[in-house]
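S.K.: Have a look at this one before I ask anything.
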Amino acid sequence: MVSRVIPVDVFDLVIFGGTGDLARRKILPGLYRRFLAGQMVPESRMIGAARADLTDEAFRQQVREAIAEFVPKARQDDAAIEGFLGRIHYVSIDATGTGGWAALKALMRENVVRAFYFSVAPSLFGDIAQRLSEHQIADAWSRIVVEKPFGRDLASAKALNEVLAKHFNETQIYRIDHYLGKETVQNLMAVRFANILFEPLWKAEYIDHVQITVAETVGVDGRGAYYDKSGAMRDMVQNHLMQLLCLIAMEPPYHFDPDAVRDEKLKVIRALKPVKTEDIVRGQYGAGRGEKSYVVHSENPASKTESYIALKVQISNWRWQGVPFYLRTGKRLRARASEIAITFKQPPHAIFDDASGWHENVLVIRLQPNEGMNLMVMIKEPGPGGMRLMQVPLDMSFADAIDDAEDVPDAYERLIMDVIRGNQTLFMRGDEVEAAWAWTDPIIEGWEARGDRPQTYDPGSSGPEDALMLMHRDGRRWREIRE
Ligand code: NAD
């Protein structure tokens, strides 16, 4: 099966922070890949905007280097790279000052899609939004893309929403959560809502519990001081894990339409119960063989910030009554692995005597590595050994299903093309972000008020001991973290 590429309209995309890490690693290489795939009409342009004083040619050289570093060799086509670089421009601009804005205005074309990617610190969002409208660079059809973190609590998220709302309508604001751009995450919706097979079972009557895991092997070295002000709850749970939870738990929207989908996600967030203290486990990685601990990386010996968190979350509605959602995410764990596992209940009556081989059905949705899905089913063990059961996976790996897995766009590529197409379905709406913070705030305030310290865990492990207990206590077990 070859993926279809449908070209998008001609656009001018301004990347504020075009010289930054995110632009270099993700945005610019991603745009090149869309250019290579033929999705970009050749007249489209990308304009880097940042503080550094660079010529177009000097910025193109940076982009050339970013492509060399972050695009697989097989996709580095000299002619395509030169063609792409020909579409690149640069404006030196100070978000908080006056320089550069007139030059940017002069560069923008009429009658093409105008998009502005705010790949800068959130403290600059307000300045950039204000100057774009003051200088009439943005119009009513322009779109802005804003990066995470979107606030650090409800109050700051509200303030950010208000700042942006002064100059842009909600339909122009694209709050990016790259988890929503992952192929498998979107497939979760296809699996649920385009098949009759799962949806009838998708409820408390048939589902025992859900596990969502986002495990990383990296620590926070290099950005420890920044991370220390955030922690796993703010950095991962409030946004990424929450979005995954919403897609699993939401009701079928009446149509695959941005507001219909986001309305249903919002209802899930509003139905989340407050989390009990005993249902939260926080951890911090200690030192390992020749490896430094979290407190060294964060340069804060007294740090109480968590680099790991596990939570038992409950949704207070009919569909999910009594079904726990176990969420966990952490750094310096044994493998880089993200997955959602939906464990179904056992059949109501066992007709087979074989107690030994009995397992539940589990639908595993792998986000990384090797995006794909697995449905664990029970079959008879082959051979003459009597009616013995075994669990086998019905495996659907996207790399196998698509002729050329290299052509599967990564999350950023897909989301940027959605911005150009004007499709907000996979972006967070302002009220959704605020609702997520409204649920998160009391949890964080709780441990801050108690002065709780995270439990130390070994780097390269599966996380703190207490996290195991969180599930053992309920007679359940975490799935193994492995690639
Ligand atoms: P960075 O520090 O590497 O780059 C910041 C960019 O902003 C640079 O291009 C710099 O020139 C520009 N800039 C800074 N001050 C400016 C000013 N006053 N006027 C104009 N330009 C200015 O940061 P980054 O890692 O690329 O992150 C950018 C944004 O993306 C942040 O909001 C970050 O939280 C978010 N983000 C980054 C990553 C990542 O992997 N790097 C991942 C998710 C989200």
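All residue names refer to the structure tokens as shown: chains lettered A, B, ... in order, residues numbered from 1 in each chain, ligands numbered from 1 in order.
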Please report, as JSON lines, each residue of chain A lying at most 10 Å from ligand 1, together with the nearest pair of atoms and the separation in Å rounded to one decimal; use only C-alpha atoms and all ligand atoms, and order rows by chain and ascending residue number.
M.R.:
```
{"residue": "A:Ile15", "atom": "CA", "partner": "ligand 1", "partner_atom_place_in_ligand_line": "9 (O)", "distance": 8.8}
{"residue": "A:Phe16", "atom": "CA", "partner": "ligand 1", "partner_atom_place_in_ligand_line": "21 (N)", "distance": 6.1}
{"residue": "A:Gly17", "atom": "CA", "partner": "ligand 1", "partner_atom_place_in_ligand_line": "9 (O)", "distance": 3.2}
{"residue": "A:Gly18", "atom": "CA", "partner": "ligand 1", "partner_atom_place_in_ligand_line": "9 (O)", "distance": 4.8}
{"residue": "A:Thr19", "atom": "CA", "partner": "ligand 1", "partner_atom_place_in_ligand_line": "9 (O)", "distance": 3.8}
{"residue": "A:Gly20", "atom": "CA", "partner": "ligand 1", "partner_atom_place_in_ligand_line": "4 (O)", "distance": 3.3}
{"residue": "A:Asp21", "atom": "CA", "partner": "ligand 1", "partner_atom_place_in_ligand_line": "26 (O)", "distance": 3.7}
{"residue": "A:Leu22", "atom": "CA", "partner": "ligand 1", "partner_atom_place_in_ligand_line": "26 (O)", "distance": 3.7}
{"residue": "A:Ala23", "atom": "CA", "partner": "ligand 1", "partner_atom_place_in_ligand_line": "26 (O)", "distance": 5.8}
{"residue": "A:Arg24", "atom": "CA", "partner": "ligand 1", "partner_atom_place_in_ligand_line": "26 (O)", "distance": 7.5}
{"residue": "A:Arg25", "atom": "CA", "partner": "ligand 1", "partner_atom_place_in_ligand_line": "40 (O)", "distance": 7.5}
{"residue": "A:Lys26", "atom": "CA", "partner": "ligand 1", "partner_atom_place_in_ligand_line": "40 (O)", "distance": 7.8}
{"residue": "A:Ile27", "atom": "CA", "partner": "ligand 1", "partner_atom_place_in_ligand_line": "26 (O)", "distance": 9.5}
{"residue": "A:Gly48", "atom": "CA", "partner": "ligand 1", "partner_atom_place_in_ligand_line": "9 (O)", "distance": 8.5}
{"residue": "A:Ala49", "atom": "CA", "partner": "ligand 1", "partner_atom_place_in_ligand_line": "21 (N)", "distance": 6.7}
{"residue": "A:Ala50", "atom": "CA", "partner": "ligand 1", "partner_atom_place_in_ligand_line": "21 (N)", "distance": 3.8}
{"residue": "A:Arg51", "atom": "CA", "partner": "ligand 1", "partner_atom_place_in_ligand_line": "20 (C)", "distance": 4.4}
{"residue": "A:Ala52", "atom": "CA", "partner": "ligand 1", "partner_atom_place_in_ligand_line": "11 (O)", "distance": 5.8}
{"residue": "A:Asp53", "atom": "CA", "partner": "ligand 1", "partner_atom_place_in_ligand_line": "11 (O)", "distance": 9.5}
{"residue": "A:Val91", "atom": "CA", "partner": "ligand 1", "partner_atom_place_in_ligand_line": "20 (C)", "distance": 9.9}
{"residue": "A:Ser92", "atom": "CA", "partner": "ligand 1", "partner_atom_place_in_ligand_line": "20 (C)", "distance": 7.7}
{"residue": "A:Ile93", "atom": "CA", "partner": "ligand 1", "partner_atom_place_in_ligand_line": "20 (C)", "distance": 5.4}
{"residue": "A:Asp94", "atom": "CA", "partner": "ligand 1", "partner_atom_place_in_ligand_line": "19 (N)", "distance": 3.6}
{"residue": "A:Ala95", "atom": "CA", "partner": "ligand 1", "partner_atom_place_in_ligand_line": "19 (N)", "distance": 3.6}
{"residue": "A:Thr96", "atom": "CA", "partner": "ligand 1", "partner_atom_place_in_ligand_line": "18 (N)", "distance": 5.3}
{"residue": "A:Gly97", "atom": "CA", "partner": "ligand 1", "partner_atom_place_in_ligand_line": "18 (N)", "distance": 7.5}
{"residue": "A:Gly99", "atom": "CA", "partner": "ligand 1", "partner_atom_place_in_ligand_line": "19 (N)", "distance": 9.7}
{"residue": "A:Gly100", "atom": "CA", "partner": "ligand 1", "partner_atom_place_in_ligand_line": "20 (C)", "distance": 9.6}
{"residue": "A:Tyr117", "atom": "CA", "partner": "ligand 1", "partner_atom_place_in_ligand_line": "29 (C)", "distance": 9.6}
{"residue": "A:Phe118", "atom": "CA", "partner": "ligand 1", "partner_atom_place_in_ligand_line": "29 (C)", "distance": 7.2}
{"residue": "A:Ser119", "atom": "CA", "partner": "ligand 1", "partner_atom_place_in_ligand_line": "29 (C)", "distance": 4.1}
{"residue": "A:Val120", "atom": "CA", "partner": "ligand 1", "partner_atom_place_in_ligand_line": "28 (C)", "distance": 4.0}
{"residue": "A:Ala121", "atom": "CA", "partner": "ligand 1", "partner_atom_place_in_ligand_line": "32 (O)", "distance": 3.9}
{"residue": "A:Pro122", "atom": "CA", "partner": "ligand 1", "partner_atom_place_in_ligand_line": "32 (O)", "distance": 5.3}
{"residue": "A:Ser123", "atom": "CA", "partner": "ligand 1", "partner_atom_place_in_ligand_line": "32 (O)", "distance": 8.4}
{"residue": "A:Leu124", "atom": "CA", "partner": "ligand 1", "partner_atom_place_in_ligand_line": "18 (N)", "distance": 6.9}
{"residue": "A:Phe125", "atom": "CA", "partner": "ligand 1", "partner_atom_place_in_ligand_line": "32 (O)", "distance": 9.0}
{"residue": "A:Asp127", "atom": "CA", "partner": "ligand 1", "partner_atom_place_in_ligand_line": "18 (N)", "distance": 8.8}
{"residue": "A:Ile128", "atom": "CA", "partner": "ligand 1", "partner_atom_place_in_ligand_line": "19 (N)", "distance": 8.3}
{"residue": "A:Val146", "atom": "CA", "partner": "ligand 1", "partner_atom_place_in_ligand_line": "32 (O)", "distance": 7.7}
{"residue": "A:Glu147", "atom": "CA", "partner": "ligand 1", "partner_atom_place_in_ligand_line": "35 (C)", "distance": 5.1}
{"residue": "A:Lys148", "atom": "CA", "partner": "ligand 1", "partner_atom_place_in_ligand_line": "44 (C)", "distance": 4.9}
{"residue": "A:Pro149", "atom": "CA", "partner": "ligand 1", "partner_atom_place_in_ligand_line": "34 (O)", "distance": 5.5}
{"residue": "A:Phe150", "atom": "CA", "partner": "ligand 1", "partner_atom_place_in_ligand_line": "32 (O)", "distance": 8.5}
{"residue": "A:Ile176", "atom": "CA", "partner": "ligand 1", "partner_atom_place_in_ligand_line": "44 (C)", "distance": 8.8}
{"residue": "A:Asp177", "atom": "CA", "partner": "ligand 1", "partner_atom_place_in_ligand_line": "43 (C)", "distance": 8.5}
{"residue": "A:His178", "atom": "CA", "partner": "ligand 1", "partner_atom_place_in_ligand_line": "43 (C)", "distance": 8.2}
{"residue": "A:Arg223", "atom": "CA", "partner": "ligand 1", "partner_atom_place_in_ligand_line": "25 (O)", "distance": 9.8}
{"residue": "A:Tyr226", "atom": "CA", "partner": "ligand 1", "partner_atom_place_in_ligand_line": "34 (O)", "distance": 9.7}
{"residue": "A:Asp235", "atom": "CA", "partner": "ligand 1", "partner_atom_place_in_ligand_line": "43 (C)", "distance": 9.5}
```
S.K.: How would the residues just chosen look if you wrote them out with N, CA and C atoms as a compact mmCIF listing (two decimals), in the first residue's frame?
M.R.:
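File written: result-v5.txt
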```txt
# COMPACT_ATOMS: atom_id res chain seq x y z
N ILE A 15 8.77 30.88 10.70
CA ILE A 15 9.13 30.10 11.89
C ILE A 15 9.89 31.02 12.84
N PHE A 16 9.19 31.53 13.83
CA PHE A 16 9.88 32.29 14.88
C PHE A 16 10.68 31.28 15.71
N GLY A 17 11.94 31.60 15.96
CA GLY A 17 12.81 30.60 16.61
C GLY A 17 13.37 29.65 15.57
N GLY A 18 13.49 30.11 14.32
CA GLY A 18 13.95 29.26 13.22
C GLY A 18 15.36 28.73 13.38
N THR A 19 16.15 29.37 14.26
CA THR A 19 17.52 28.89 14.48
C THR A 19 17.60 28.00 15.72
N GLY A 20 16.48 27.76 16.36
CA GLY A 20 16.49 27.02 17.63
C GLY A 20 16.54 25.52 17.44
N ASP A 21 16.60 24.84 18.57
CA ASP A 21 16.76 23.38 18.58
C ASP A 21 15.58 22.66 17.92
N LEU A 22 14.38 23.07 18.26
CA LEU A 22 13.19 22.38 17.73
C LEU A 22 13.09 22.55 16.21
N ALA A 23 13.36 23.77 15.74
CA ALA A 23 13.31 24.04 14.30
C ALA A 23 14.35 23.19 13.57
N ARG A 24 15.52 23.09 14.15
CA ARG A 24 16.63 22.36 13.54
C ARG A 24 16.37 20.86 13.49
N ARG A 25 15.84 20.34 14.60
CA ARG A 25 15.68 18.88 14.69
C ARG A 25 14.40 18.38 14.04
N LYS A 26 13.33 19.17 14.16
CA LYS A 26 12.02 18.64 13.76
C LYS A 26 11.36 19.43 12.62
N ILE A 27 11.22 20.75 12.83
CA ILE A 27 10.35 21.50 11.92
C ILE A 27 10.96 21.56 10.51
N GLY A 48 12.58 31.79 8.10
CA GLY A 48 13.10 31.72 9.46
C GLY A 48 13.12 33.11 10.06
N ALA A 49 12.74 33.22 11.31
CA ALA A 49 12.78 34.53 11.99
C ALA A 49 13.34 34.29 13.39
N ALA A 50 14.46 34.91 13.67
CA ALA A 50 15.06 34.76 15.01
C ALA A 50 15.96 35.96 15.24
N ARG A 51 16.55 35.98 16.45
CA ARG A 51 17.33 37.17 16.81
C ARG A 51 18.64 37.28 16.04
N ALA A 52 19.25 36.13 15.72
CA ALA A 52 20.58 36.15 15.09
C ALA A 52 20.55 36.95 13.79
N ASP A 53 21.65 37.65 13.55
CA ASP A 53 21.76 38.46 12.34
C ASP A 53 22.33 37.58 11.23
N VAL A 91 14.62 36.35 8.22
CA VAL A 91 14.51 37.73 8.68
C VAL A 91 15.02 37.78 10.12
N SER A 92 15.90 38.73 10.39
CA SER A 92 16.36 38.89 11.76
C SER A 92 15.34 39.76 12.50
N ILE A 93 14.83 39.23 13.58
CA ILE A 93 13.72 39.92 14.25
C ILE A 93 13.88 39.80 15.75
N ASP A 94 13.53 40.85 16.47
CA ASP A 94 13.51 40.71 17.93
C ASP A 94 12.04 40.73 18.36
N ALA A 95 11.62 39.64 18.95
CA ALA A 95 10.22 39.50 19.33
C ALA A 95 9.77 40.64 20.25
N THR A 96 10.69 41.15 21.06
CA THR A 96 10.30 42.15 22.05
C THR A 96 10.63 43.57 21.58
N GLY A 97 11.23 43.68 20.39
CA GLY A 97 11.64 45.01 19.92
C GLY A 97 10.92 45.41 18.64
N GLY A 99 12.80 46.00 15.58
CA GLY A 99 13.57 45.66 14.38
C GLY A 99 13.06 44.43 13.68
N GLY A 100 13.03 44.49 12.34
CA GLY A 100 12.74 43.29 11.55
C GLY A 100 11.29 43.15 11.09
N TYR A 117 4.73 30.00 13.05
CA TYR A 117 5.05 28.96 14.03
C TYR A 117 5.83 29.63 15.15
N PHE A 118 5.26 29.63 16.36
CA PHE A 118 5.93 30.25 17.51
C PHE A 118 6.83 29.20 18.18
N SER A 119 8.00 28.96 17.62
CA SER A 119 8.91 27.97 18.21
C SER A 119 9.91 28.70 19.11
N VAL A 120 9.35 29.42 20.06
CA VAL A 120 10.13 30.23 21.00
C VAL A 120 9.55 30.01 22.40
N ALA A 121 10.21 30.56 23.40
CA ALA A 121 9.70 30.42 24.77
C ALA A 121 8.30 31.04 24.86
N PRO A 122 7.40 30.42 25.62
CA PRO A 122 6.03 30.93 25.73
C PRO A 122 5.97 32.38 26.22
N SER A 123 7.01 32.83 26.94
CA SER A 123 6.99 34.21 27.42
C SER A 123 7.00 35.21 26.26
N LEU A 124 7.35 34.73 25.05
CA LEU A 124 7.40 35.63 23.89
C LEU A 124 6.11 35.57 23.05
N PHE A 125 5.21 34.65 23.37
CA PHE A 125 3.99 34.49 22.55
C PHE A 125 3.23 35.81 22.43
N ASP A 127 4.22 38.96 22.89
CA ASP A 127 4.93 39.99 22.10
C ASP A 127 4.78 39.73 20.61
N ILE A 128 4.97 38.47 20.22
CA ILE A 128 4.92 38.15 18.79
C ILE A 128 3.50 38.35 18.26
N VAL A 146 1.43 27.23 18.28
CA VAL A 146 2.18 27.46 19.52
C VAL A 146 2.63 26.14 20.12
N GLU A 147 3.82 26.18 20.68
CA GLU A 147 4.48 25.00 21.21
C GLU A 147 4.15 24.81 22.68
N LYS A 148 4.46 23.62 23.15
CA LYS A 148 4.35 23.39 24.59
C LYS A 148 5.58 24.00 25.28
N PRO A 149 5.58 24.32 26.52
CA PRO A 149 4.47 24.11 27.45
C PRO A 149 3.43 25.23 27.34
N PHE A 150 2.15 24.83 27.36
CA PHE A 150 1.12 25.85 27.33
C PHE A 150 0.70 26.12 28.79
N ILE A 176 0.04 22.88 19.61
CA ILE A 176 0.57 21.59 19.14
C ILE A 176 0.81 20.64 20.31
N ASP A 177 0.39 19.40 20.14
CA ASP A 177 0.82 18.32 21.03
C ASP A 177 1.24 17.22 20.07
N HIS A 178 2.55 17.04 19.91
CA HIS A 178 2.98 16.18 18.81
C HIS A 178 2.53 14.73 18.97
N ARG A 223 19.36 19.97 30.28
CA ARG A 223 18.22 20.87 30.47
C ARG A 223 17.60 20.67 31.85
N TYR A 226 15.96 23.72 33.69
CA TYR A 226 14.63 24.01 33.14
C TYR A 226 13.62 22.96 33.61
N ASP A 235 5.21 18.20 32.56
CA ASP A 235 5.89 18.06 31.27
C ASP A 235 5.23 17.00 30.39
```
S.K.: Which residues, written as a list in words, have at least one atom at most 10 Å from Phe168 (chain A), with only C-alpha atoms counted and residues fewer than 4 positions away on the same chain left out?
M.R.: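 So, after excluding close chain neighbours, the residues are Ala129, Gln130, Ser133, Ala138, Asp139, Ala140, Trp141, Ser142, Arg143, Ile144, Asn161, Glu162, Val163, Leu164, Gln172 and Ile173 of chain A.
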S.K.: Just the helix (DSSP H, G or I) stuff from region 30-175 of chain A, please, per backbone DSSP, written as number ranges by chain.
M.R.: A: 30-36, 56-70, 73-75, 78-85, 101-107, 122-134, 154-165, 170-172
S.K.: Which of region 149-283 of chain A end up as strand (DSSP E or B) when DSSP is run on this backbone - answer as a count of residues only?
M.R.: 17
S.K.: Give me, as a list in words, all polymer residues having an atom no more than 10 Å from Ile444 (chain A), counting only C-alpha atoms and skipping those fewer than 3 positions away in the same chain.
M.R.: Asp153, Met233, Arg234, Trp439, Thr440, Asp441, Trp447, Glu448 and Ala449 of chain A
S.K.: For Pro442 (chain A), find every residue with an atom within 8 Å (counting only C-alpha atoms), except residues of its own chain fewer than 4 positions away, and show them as a list of chain:residue names.
M.R.: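 Listed by chain and then number, they are A:Pro274, A:Ala438, A:Gly446.
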S.K.: Convert the current residue selection to file output with N, CA, C and O atoms, as a compact mmCIF listing (two decimals), in the first residue's frame.
M.R.:
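After the write, part-v1.txt holds the following:
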```txt
# COMPACT_ATOMS: atom_id res chain seq x y z
N PRO A 274 -10.88 13.68 41.02
CA PRO A 274 -9.64 14.09 41.69
C PRO A 274 -8.85 12.82 42.06
O PRO A 274 -9.46 11.79 42.36
N ALA A 438 -6.93 22.41 35.21
CA ALA A 438 -7.84 22.46 36.37
C ALA A 438 -7.83 21.12 37.10
O ALA A 438 -7.99 21.07 38.32
N GLY A 446 -1.34 19.46 46.13
CA GLY A 446 -1.40 18.49 47.23
C GLY A 446 -0.02 18.07 47.68
O GLY A 446 0.33 18.16 48.86
```
S.K.: Please determine, counting only C-alpha atoms, which residue among A:Leu197, A:Ala337, A:Val313, A:Val191 has the shortest atom-to-atom distance to Met396 (chain A).
M.R.: A:Val191
S.K.: At a cut-off of 12 Å, using only C-alpha atoms, what residues contact Gln61 (chain A)? Leave out same-chain residues fewer than 5 positions from it and give the result as a PyMOL selection string.
M.R.: chain A and resi 19+24+54-56+66-68+81-82+84-86+88-90
S.K.: What separation in Å, quoted to one decimal, exists between CA of Val8 (chain A) and CA of Arg175 (chain A)?
M.R.: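 Atom-to-atom, CA of Val8 (chain A) and CA of Arg175 (chain A) are spaced 20.1 Å apart.
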S.K.: Return the single residue from A:Gly288, A:Pro347, A:Gly385, A:Pro324 that is closest to Tyr457 (chain A), with distances computed using only C-alpha atoms.
M.R.: A:Gly288
S.K.: Between CA of Val433 (chain A) and CA of Asp221 (chain A), what is the spacing in Å?
M.R.: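 CA of Val433 (chain A) lies at a distance of 28.1 Å from CA of Asp221 (chain A).
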S.K.: Between CA of Ala194 (chain A) and CA of Pro253 (chain A), measure the distance and give it in Å to one decimal.
M.R.: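 Here the two named atoms are 12.0 Å from each other.
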S.K.: Mind checking which residues fall within 7 Å of Lys273 (chain A), counting only C-alpha atoms, ignoring those fewer than 5 positions away in the same chain, and posting them as a JSON list (two decimals) with N, CA, C and O atoms, in the first residue's frame?
M.R.:
```json
[["chain", "number", "residue", "atom", "x", "y", "z"],
["A", 314, "GLN", "N", -9.38, 7.76, 37.54],
["A", 314, "GLN", "CA", -10.74, 7.22, 37.33],
["A", 314, "GLN", "C", -11.58, 8.26, 36.60],
["A", 314, "GLN", "O", -11.47, 9.45, 36.86],
["A", 315, "ILE", "N", -12.44, 7.76, 35.73],
["A", 315, "ILE", "CA", -13.31, 8.65, 34.97],
["A", 315, "ILE", "C", -14.74, 8.45, 35.47],
["A", 315, "ILE", "O", -15.26, 7.34, 35.48],
["A", 316, "SER", "N", -15.33, 9.55, 35.84],
["A", 316, "SER", "CA", -16.63, 9.47, 36.48],
["A", 316, "SER", "C", -17.75, 9.62, 35.44],
["A", 316, "SER", "O", -18.34, 10.67, 35.30]]
```
S.K.: Nearest to Leu245 (chain A) among A:Asp418, A:Glu264, A:Asp466, A:Glu278, with distances taken over only C-alpha atoms: which residue is it?
M.R.: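 Nearest to Leu245 (chain A): A:Glu264.
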S.K.: Excluding same-chain residues fewer than 4 positions from Trp318 (chain A), what lies within 12 Å of it counting only C-alpha atoms, as a PyMOL selection string?
M.R.: chain A and resi 202-205+249-251+268+271+314+322-323
